[in-house]
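Reproduced below: model10.txt, with compact mmCIF, C-alpha atoms.
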```
# COMPACT_ATOMS: atom_id res chain seq x y z
CA MET A 12 31.66 3.06 18.32
CA ASP A 13 28.30 2.42 19.97
CA GLN A 14 26.86 5.23 22.07
CA ASP A 15 24.71 4.42 25.10
CA GLY A 16 24.09 8.01 26.19
CA PRO A 17 23.07 11.15 24.30
CA ILE A 18 25.11 12.18 21.25
CA TYR A 19 25.92 15.88 20.96
CA PHE A 20 26.14 17.24 17.44
CA ASP A 21 27.24 20.79 16.74
CA ARG A 22 25.98 22.47 13.55
CA ARG A 23 27.72 25.74 12.64
CA PRO A 24 27.27 28.23 9.78
CA ALA A 25 30.03 28.40 7.18
CA ALA A 26 31.82 31.69 6.58
CA SER A 27 30.02 32.11 3.24
CA GLY A 28 26.63 31.90 4.92
CA ALA A 29 25.36 29.67 2.10
CA LEU A 30 25.45 26.48 4.17
CA SER A 31 26.36 25.07 7.57
CA TYR A 32 28.47 22.12 8.61
CA GLY A 33 28.67 19.65 11.48
CA ASP A 34 31.36 18.07 13.61
CA ARG A 35 33.89 15.83 11.93
CA ILE A 36 33.05 12.18 12.39
CA THR A 37 35.96 9.76 12.78
CA ILE A 38 35.24 6.54 10.93
CA ARG A 39 38.70 4.99 11.26
CA ASP A 40 41.91 6.14 12.89
CA THR A 41 44.91 3.79 12.90
CA SER A 42 48.64 4.26 12.78
CA GLN A 43 48.52 4.00 8.99
CA VAL A 44 45.32 5.70 7.88
CA SER A 45 42.55 7.99 9.08
CA ILE A 46 39.08 8.35 7.56
CA GLU A 47 36.78 11.20 8.56
CA ALA A 48 33.39 12.44 7.41
CA VAL A 49 32.26 16.08 7.44
CA PRO A 50 28.49 16.67 7.05
CA TYR A 51 27.21 19.80 5.30
CA PHE A 52 23.67 21.16 5.40
CA ILE A 53 22.44 23.16 2.39
CA PRO A 54 19.23 25.15 3.01
CA HIS A 55 16.44 25.33 0.42
CA ARG A 56 13.54 27.72 0.50
CA SER A 57 10.96 25.21 -0.71
CA SER A 58 11.99 21.98 1.03
CA GLU A 59 13.95 20.53 3.89
CA ASP A 60 17.69 21.12 4.08
CA GLU A 61 19.88 19.00 1.82
CA LEU A 62 22.53 16.84 3.47
CA SER A 63 25.91 16.45 1.80
CA MET A 64 28.94 14.70 3.25
CA LYS A 65 32.64 14.92 2.44
CA LEU A 66 34.74 11.80 3.12
CA ILE A 67 38.42 12.49 3.80
CA ARG A 68 41.03 9.72 3.76
CA VAL A 69 44.60 10.47 4.83
CA ASP A 70 47.48 8.00 4.40
CA LYS A 71 49.67 8.77 7.40
CA ARG A 72 52.67 7.05 5.85
CA SER A 73 52.79 9.04 2.61
CA GLY A 74 50.73 12.06 3.61
CA GLU A 75 48.46 11.48 0.61
CA LYS A 76 44.98 12.92 1.06
CA CYS A 77 41.88 11.84 -0.86
CA GLU A 78 38.44 13.48 -0.70
CA ILE A 79 35.05 12.49 -2.10
CA THR A 80 31.73 14.29 -1.70
CA LEU A 81 28.41 12.45 -1.48
CA ASN A 82 25.22 14.43 -2.09
CA ASP A 83 21.85 13.82 -0.47
CA SER A 84 20.77 11.28 -3.08
CA ASP A 85 24.08 9.39 -2.79
CA LEU A 86 23.75 9.18 0.99
CA ARG A 87 20.19 7.89 0.87
CA GLN A 88 21.15 5.26 -1.69
CA LEU A 89 24.17 4.24 0.41
CA ARG A 90 22.01 3.95 3.53
CA GLN A 91 19.59 1.68 1.67
CA CYS A 92 22.40 -0.50 0.32
CA ILE A 93 24.00 -0.81 3.77
CA ALA A 94 20.67 -1.80 5.35
CA GLN A 95 20.13 -4.48 2.71
CA ALA A 96 23.68 -5.81 3.02
CA LEU A 97 23.43 -5.98 6.82
CA ALA A 98 20.16 -7.90 6.54
CA VAL A 99 21.83 -10.47 4.29
CA ALA A 100 24.92 -10.56 6.53
CA GLU A 101 22.75 -11.95 9.32
CA GLN A 102 22.19 -15.10 7.22
CA GLU A 103 24.69 -17.94 7.30
CA ASP A 104 24.50 -19.26 3.73
CA ASP A 105 25.33 -17.91 0.30
CA GLY A 106 22.54 -17.63 -2.26
CA GLN A 107 19.99 -15.24 -3.73
CA TYR A 108 18.06 -13.17 -1.18
CA LEU A 109 14.90 -11.14 -1.57
CA VAL A 110 15.08 -8.09 0.74
CA LEU A 111 11.69 -6.43 1.32
CA ARG A 112 10.50 -3.58 3.51
CA ALA A 113 7.63 -5.37 5.24
CA ASP A 114 6.09 -2.17 6.63
CA ASP A 115 6.02 -0.50 3.21
CA LEU A 116 4.49 -3.56 1.59
CA ALA A 117 1.87 -3.93 4.30
CA HIS A 118 0.86 -0.30 3.90
CA THR A 119 0.57 -0.68 0.14
CA VAL A 120 -1.54 -3.84 0.38
CA GLU A 121 -4.20 -1.78 2.14
CA SER A 122 -5.04 -0.02 -1.13
CA SER A 123 -7.76 -1.24 -3.47
CA ASP A 124 -5.51 -1.75 -6.47
CA ASP A 125 -5.98 -5.11 -8.20
CA ALA A 126 -2.25 -5.69 -8.56
CA VAL A 127 -1.68 -4.95 -4.88
CA ARG A 128 -4.45 -7.32 -3.80
CA ALA A 129 -3.08 -10.02 -6.08
CA VAL A 130 0.36 -9.97 -4.50
CA GLY A 131 -1.12 -9.40 -1.06
CA GLY A 132 -3.17 -12.56 -1.47
CA ALA A 133 -0.05 -14.50 -2.32
CA LEU A 134 1.59 -13.28 0.88
CA ASP A 135 -1.27 -14.73 2.93
CA SER A 136 -0.55 -18.23 1.64
CA HIS A 137 1.26 -20.52 4.07
CA ARG A 138 3.02 -22.09 1.09
CA PHE A 139 4.48 -18.76 -0.07
CA ALA A 140 8.08 -19.36 1.03
CA ARG A 141 8.15 -22.89 -0.35
CA ARG A 142 6.76 -21.85 -3.74
CA VAL A 143 9.26 -18.98 -4.01
CA ALA A 144 12.16 -21.28 -3.27
CA GLN A 145 11.01 -23.90 -5.79
CA HIS A 146 9.59 -21.99 -8.74
CA VAL A 147 10.25 -18.25 -8.72
CA ASN A 148 13.36 -16.28 -9.64
CA PRO A 149 13.98 -13.92 -6.68
CA GLU A 150 15.01 -11.09 -9.00
CA SER A 151 11.78 -11.34 -10.99
CA LEU A 152 9.69 -11.49 -7.82
CA ALA A 153 11.48 -8.50 -6.37
CA SER A 154 10.72 -6.60 -9.57
CA ALA A 155 7.05 -7.52 -9.28
CA PHE A 156 6.87 -6.38 -5.67
CA SER A 157 8.63 -3.13 -6.52
CA ALA A 158 6.08 -2.46 -9.24
CA VAL A 159 3.22 -3.05 -6.82
CA VAL A 160 4.69 -0.68 -4.27
CA ARG A 161 5.34 1.85 -7.02
CA ILE A 162 1.68 1.79 -8.09
CA GLY A 163 0.65 2.53 -4.52
CA GLU A 164 3.11 5.42 -4.30
CA LEU A 165 1.90 6.93 -7.57
CA ARG A 166 -1.73 6.65 -6.54
CA ALA A 167 -1.08 8.29 -3.15
CA ALA A 168 0.89 11.13 -4.74
CA ILE A 169 -1.83 11.84 -7.32
CA THR A 170 -4.48 11.84 -4.59
CA GLU A 171 -2.43 14.29 -2.54
CA LEU A 172 -2.02 16.69 -5.47
CA ARG A 173 -5.70 16.49 -6.41
CA GLU A 174 -6.82 17.10 -2.81
CA ASN A 175 -4.54 20.13 -2.49
CA LEU A 176 -5.89 21.62 -5.71
CA ASP A 177 -9.55 20.88 -5.04
CA GLY A 178 -9.17 21.95 -1.41
CA GLY A 179 -8.07 25.42 -2.45
CA VAL A 180 -4.49 25.15 -1.17
CA THR A 181 -2.60 27.99 -2.85
CA ARG A 182 0.71 28.15 -0.97
CA GLU A 183 3.54 27.91 -3.48
CA ASP A 184 5.81 26.00 -1.11
CA VAL A 185 3.26 23.16 -0.81
CA TYR A 186 3.46 22.49 -4.54
CA GLN A 187 7.22 23.00 -4.63
CA THR A 188 7.59 20.34 -1.95
CA TRP A 189 5.23 17.98 -3.81
CA CYS A 190 7.04 18.38 -7.14
CA ASP A 191 10.41 18.00 -5.45
CA LYS A 192 9.30 14.71 -3.90
CA HIS A 193 7.50 13.46 -7.02
CA SER A 194 9.64 14.72 -9.88
CA TRP A 195 8.59 11.62 -11.88
CA ALA A 196 5.38 13.58 -12.58
CA PHE A 197 7.14 15.42 -15.41
CA GLY A 198 7.40 12.23 -17.42
CA ASN A 199 9.92 9.81 -18.85
CA ALA A 200 11.76 12.57 -20.69
CA TYR A 201 13.60 13.17 -17.41
CA VAL A 202 15.52 10.55 -15.54
CA ALA A 203 16.24 12.29 -12.23
CA ARG A 204 16.22 15.58 -10.38
CA ASP A 205 19.23 17.32 -8.86
CA ASN A 206 19.41 18.32 -5.22
CA TRP A 207 21.52 21.31 -6.23
CA ARG A 208 19.42 24.29 -7.41
CA THR A 209 21.67 27.33 -7.30
CA ILE A 210 22.42 28.24 -10.93
CA GLY A 211 24.11 31.58 -10.37
CA ILE A 212 24.65 34.34 -7.86
CA GLY A 213 21.25 35.11 -6.34
CA ASP A 214 19.40 32.67 -8.61
CA GLN A 215 17.90 29.47 -7.19
CA VAL A 216 15.38 27.51 -9.24
CA ASP A 217 12.61 25.27 -7.95
CA LEU A 218 13.76 22.13 -9.81
CA LEU A 219 16.67 21.03 -11.97
CA MET A 220 15.92 17.90 -13.99
CA LYS A 221 18.27 15.68 -15.98
CA SER A 222 17.17 14.91 -19.54
CA THR A 223 16.94 11.20 -20.28
CA ALA A 224 18.16 11.66 -23.86
CA SER A 225 21.06 14.10 -23.44
CA GLY A 226 21.89 14.26 -19.74
CA PHE A 227 21.69 18.06 -19.89
CA ARG A 228 19.64 19.90 -17.28
CA ASP A 229 16.37 21.78 -17.68
CA ILE A 230 14.69 24.23 -15.31
CA PHE A 231 11.26 23.91 -13.71
CA GLU A 232 9.64 26.94 -12.11
CA LEU A 233 6.55 26.43 -9.93
CA LYS A 234 3.99 29.17 -9.29
CA ARG A 235 0.69 29.20 -7.40
CA PRO A 236 -2.36 27.40 -8.79
CA ASP A 237 -4.60 30.45 -8.17
CA MET A 238 -2.63 32.64 -10.59
CA GLU A 239 -4.09 33.65 -13.94
CA VAL A 240 -2.47 31.98 -16.93
CA LEU A 241 -4.16 33.74 -19.86
CA SER A 242 -6.13 36.96 -20.42
CA PHE A 243 -8.50 37.83 -23.25
CA ASP A 244 -8.30 40.99 -25.38
CA ASN A 245 -11.90 41.86 -26.24
CA THR A 246 -10.85 44.48 -28.80
CA HIS A 247 -8.68 42.18 -30.89
CA ARG A 248 -10.43 39.00 -29.74
CA ASN A 249 -7.35 37.00 -28.85
CA TRP A 250 -5.79 35.39 -25.81
CA TYR A 251 -2.44 36.56 -24.41
CA TRP A 252 -0.24 35.79 -21.41
CA ALA A 253 -1.62 37.16 -18.15
CA SER A 254 0.66 39.49 -16.20
CA GLN A 255 1.61 36.84 -13.62
CA THR A 256 2.56 34.38 -16.34
CA SER A 257 4.48 37.07 -18.26
CA ARG A 258 6.55 37.81 -15.16
CA ALA A 259 7.31 34.11 -14.73
CA ILE A 260 8.38 33.88 -18.39
CA GLY A 261 10.69 36.87 -17.98
CA GLN A 262 12.14 35.32 -14.83
CA CYS A 263 12.86 32.08 -16.70
CA HIS A 264 14.54 33.95 -19.55
CA ARG A 265 17.04 35.33 -17.04
CA TYR A 266 17.49 31.91 -15.43
CA LEU A 267 18.14 30.27 -18.81
CA ASP A 268 20.73 32.86 -19.82
CA ASN A 269 22.59 32.62 -16.51
CA PHE A 270 22.37 28.84 -16.31
CA HIS A 271 23.66 28.33 -19.84
CA ARG A 272 26.71 30.49 -19.12
CA ALA A 273 27.40 29.07 -15.66
CA ALA A 274 27.01 25.36 -16.41
CA GLU A 275 28.06 24.81 -20.02
CA HIS A 276 30.93 22.70 -18.68
CA GLY A 277 29.33 21.81 -15.35
CA ILE A 278 28.74 23.87 -12.22
CA GLN A 279 32.27 24.15 -10.86
CA PRO A 280 33.72 23.22 -8.50
CA ASP A 281 30.90 21.61 -6.54
CA HIS A 282 28.88 19.86 -9.24
CA PRO A 283 30.78 19.34 -12.51
CA GLU A 284 28.20 16.68 -13.48
CA ILE A 285 25.42 19.30 -13.74
CA ILE A 286 25.72 20.48 -17.34
CA ALA A 287 23.41 22.87 -19.17
CA TYR A 288 23.50 23.39 -22.92
CA HIS A 289 20.70 25.53 -24.32
CA PRO A 290 18.47 24.52 -21.40
CA ARG A 291 14.70 24.64 -21.51
CA ALA A 292 12.30 25.84 -18.81
CA VAL A 293 8.86 24.60 -17.80
CA ILE A 294 6.53 26.87 -15.83
CA VAL A 295 3.69 25.27 -13.86
CA ILE A 296 1.06 27.86 -12.98
CA GLY A 297 -2.69 28.24 -12.53
CA ARG A 298 -5.54 25.82 -13.28
CA SER A 299 -7.33 24.80 -16.45
CA ASN A 300 -10.03 22.40 -15.22
CA ALA A 301 -12.77 24.92 -16.08
CA TRP A 302 -11.37 26.03 -19.45
CA ASP A 303 -13.25 25.58 -22.69
CA GLN A 304 -11.57 24.17 -25.78
CA SER A 305 -10.75 27.58 -27.26
CA LYS A 306 -8.70 28.55 -24.20
CA VAL A 307 -6.88 25.20 -24.20
CA LYS A 308 -6.02 25.73 -27.87
CA ALA A 309 -4.83 29.25 -27.08
CA LEU A 310 -2.37 27.95 -24.47
CA HIS A 311 -1.08 25.38 -26.95
CA GLY A 312 -0.66 28.04 -29.63
CA LEU A 313 1.15 30.51 -27.39
CA ASN A 314 3.47 27.74 -26.19
CA SER A 315 4.27 26.66 -29.74
CA ARG A 316 5.48 30.18 -30.56
CA MET A 317 7.88 30.43 -27.61
CA HIS A 318 11.45 29.17 -27.77
CA GLY A 319 12.86 27.22 -24.86
CA ILE A 320 9.99 27.87 -22.40
CA THR A 321 6.74 25.94 -21.92
CA VAL A 322 3.81 26.93 -19.71
CA MET A 323 1.53 24.25 -18.28
CA THR A 324 -1.20 24.26 -15.64
CA TYR A 325 -1.47 22.14 -12.52
CA ASP A 326 -4.46 20.31 -14.02
CA GLN A 327 -2.33 19.38 -17.02
CA LEU A 328 0.34 18.11 -14.64
CA LEU A 329 -2.30 16.10 -12.77
CA ALA A 330 -3.54 14.62 -16.06
CA ARG A 331 0.02 13.66 -17.00
CA CYS A 332 0.39 11.85 -13.66
CA SER A 333 -2.85 9.94 -14.20
CA VAL A 334 -1.70 8.81 -17.65
CA LEU A 335 1.61 7.60 -16.17
CA LEU A 336 -0.24 5.69 -13.44
CA GLY A 337 -2.43 4.03 -16.08
CA GLN A 338 0.61 2.96 -18.06
CA VAL A 339 2.39 1.48 -15.03
CA HIS A 340 -0.79 -0.24 -13.87
CA SER A 341 -1.56 -1.85 -17.24
CA GLU A 342 2.00 -3.12 -17.57
CA GLN A 343 2.19 -4.63 -14.09
CA VAL A 344 -1.25 -5.85 -13.06
CA SER A 345 -1.18 -8.97 -15.28
CA GLU A 346 2.33 -9.84 -14.11
CA ALA A 347 1.34 -9.46 -10.46
CA GLN A 348 -1.73 -11.64 -10.93
CA GLU A 349 0.42 -14.25 -12.63
CA TYR A 350 2.75 -14.38 -9.62
CA SER A 351 -0.27 -14.65 -7.33
CA GLU A 352 -1.56 -17.68 -9.23
CA ASP A 353 1.86 -19.37 -9.30
CA LEU A 354 2.51 -18.86 -5.61
CA SER A 355 -0.96 -19.89 -4.46
CA ALA A 356 -1.17 -23.03 -6.61
```
Give the structure from the file, written as structure tokens.
Amino acid sequence: MDQDGPIYFDRRPAASGALSYGDRITIRDTSQVSIEAVPYFIPHRSSEDELSMKLIRVDKRSGEKCEITLNDSDLRQLRQCIAQALAVAEQEDDGQYLVLRADDLAHTVESSDDAVRAVGGALDSHRFARRVAQHVNPESLASAFSAVVRIGELRAAITELRENLDGGVTREDVYQTWCDKHSWAFGNAYVARDNWRTIGIGDQVDLLMKSTASGFRDIFELKRPDMEVLSFDNTHRNWYWASQTSRAIGQCHRYLDNFHRAAEHGIQPDHPEIIAYHPRAVIVIGRSNAWDQSKVKALHGLNSRMHGITVMTYDQLLARCSVLLGQVHSEQVSEAQEYSEDLSA
């Protein structure tokens, strides 16, 4: 039902204190069936609250009740799908449609990237629509546009991380928020992050990531970039873990033990899909941009002798992001230029 005036929404804490919930929303209520939605808000220390929603369908004839819970990622995906479907519903004819966010694309075209300029130039052509209709598969073109936008997003994220590091920003929550938003930075070995982060009573990790190969979850713990990673023993002439890194390693050992026990068959009952089997942990801490080769080798050696835990610096994370950007750029720039030539011909 459309609302012309203000909408009042009551958010109340649950009895457990772990989350809060909002008013029930009636989606449908007939003589035969009722459908309601109950929103839940899950607080996180390092990012904005997570929205989850339970959908409840009741068959009034049989009394049968069915429930399904959508997490934050599900709801965002559903919102995007609904927006796209509504845009197509405004058209009268069947066919293949290319649905683009014009504001996002316009913002991306402002960058200096060659691939972005190539597609942006095609958009300026008055013959663009006609050439698309005659010669270009809409699915392929949509893929090309998505790649261009993706390059712009990667570049902006890398710039943000570099500026925070070089600007002396040391607040842990700043980097937790960045990594939460840009979990792709940890590479293709992980396919997605989980919104859920509570792995046991009193234990909440910074990131849970789903392994591309196995589907099992690994833990990521983020510390401040101004913390010491390694210390040098002048007597024995060797590097060893600094005290701040040692504490983080000990913390991750406890997390791994608890997580393995709690989620071997899924975190019940809320998230049975989150499964951990001999999980690994990655600690991001400190900086290494001023290290010499001997210190870099020392970090590699200490890591190779640990089981299940890896320590990396924020500069190593930044370098990994730059490599990923280079790979995406090299794969897509030629394709984007090809589309530009086809559409402008």
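Nearest to Tyr266 of chain A of all the residues A:Gly179, A:Pro290, A:Pro50, A:Gly74 is A:Pro290, counting only C-alpha atoms.
Minimum atom-to-atom distance to Leu218 of chain A, evaluated using all atoms listed in the file, belongs to A:Ala292 out of A:Ile260, A:Ile79, A:Ala292, A:Met238.
Those residues that approach segment 35-43 of chain A to within 7 Å, counting all atoms listed in the file, are A:Ile46, A:Glu47, A:Ala48, A:Val49, A:Asp70, A:Lys71, A:Arg72; same-chain residues fewer than 3 positions away are not listed.
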Taking C-alpha atoms for each residue, export the selection above as a compact mmCIF listing (two decimals), in the frame of the given file.
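To be explicit, this is the file written out as result34.txt:
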```
# COMPACT_ATOMS: atom_id res chain seq x y z
CA ILE A 46 39.08 8.35 7.56
CA GLU A 47 36.78 11.20 8.56
CA ALA A 48 33.39 12.44 7.41
CA VAL A 49 32.26 16.08 7.44
CA ASP A 70 47.48 8.00 4.40
CA LYS A 71 49.67 8.77 7.40
CA ARG A 72 52.67 7.05 5.85
```
With 8 Å added on each side, what axis-aligned box encloses every listed atom of segment 171-188 of chain A? Give the centre and edge lengths in Å to one decimal, as JSON.
```
{"center_x": -1.0, "center_y": 21.2, "center_z": -3.6, "size_x": 33.1, "size_y": 29.9, "size_z": 21.6}
```
- Item | Surrounding residues of Trp189 of chain A excluding itself and chain neighbours under 2 positions, 12 Å, all atoms listed in the file, as a PyMOL selection string | chain A and resi 57-59+167-173+175-176+182-187+191-196+217-218+233+325+328-329
- Note on the structure: Between A:Gly297, A:His55, A:His264, A:Val44, smallest distance to Ile67 of chain A by all atoms listed in the file belongs to A:Val44
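Across the model, the gap from atom CA of Glu232 of chain A to atom CA of Leu86 of chain A is 26.2 Å.
When only C-alpha atoms are used to measure the gap to Ile210 of chain A, the shortest distance among A:Ser63, A:Asn245, A:Asn269, A:Thr324 belongs to A:Asn269.
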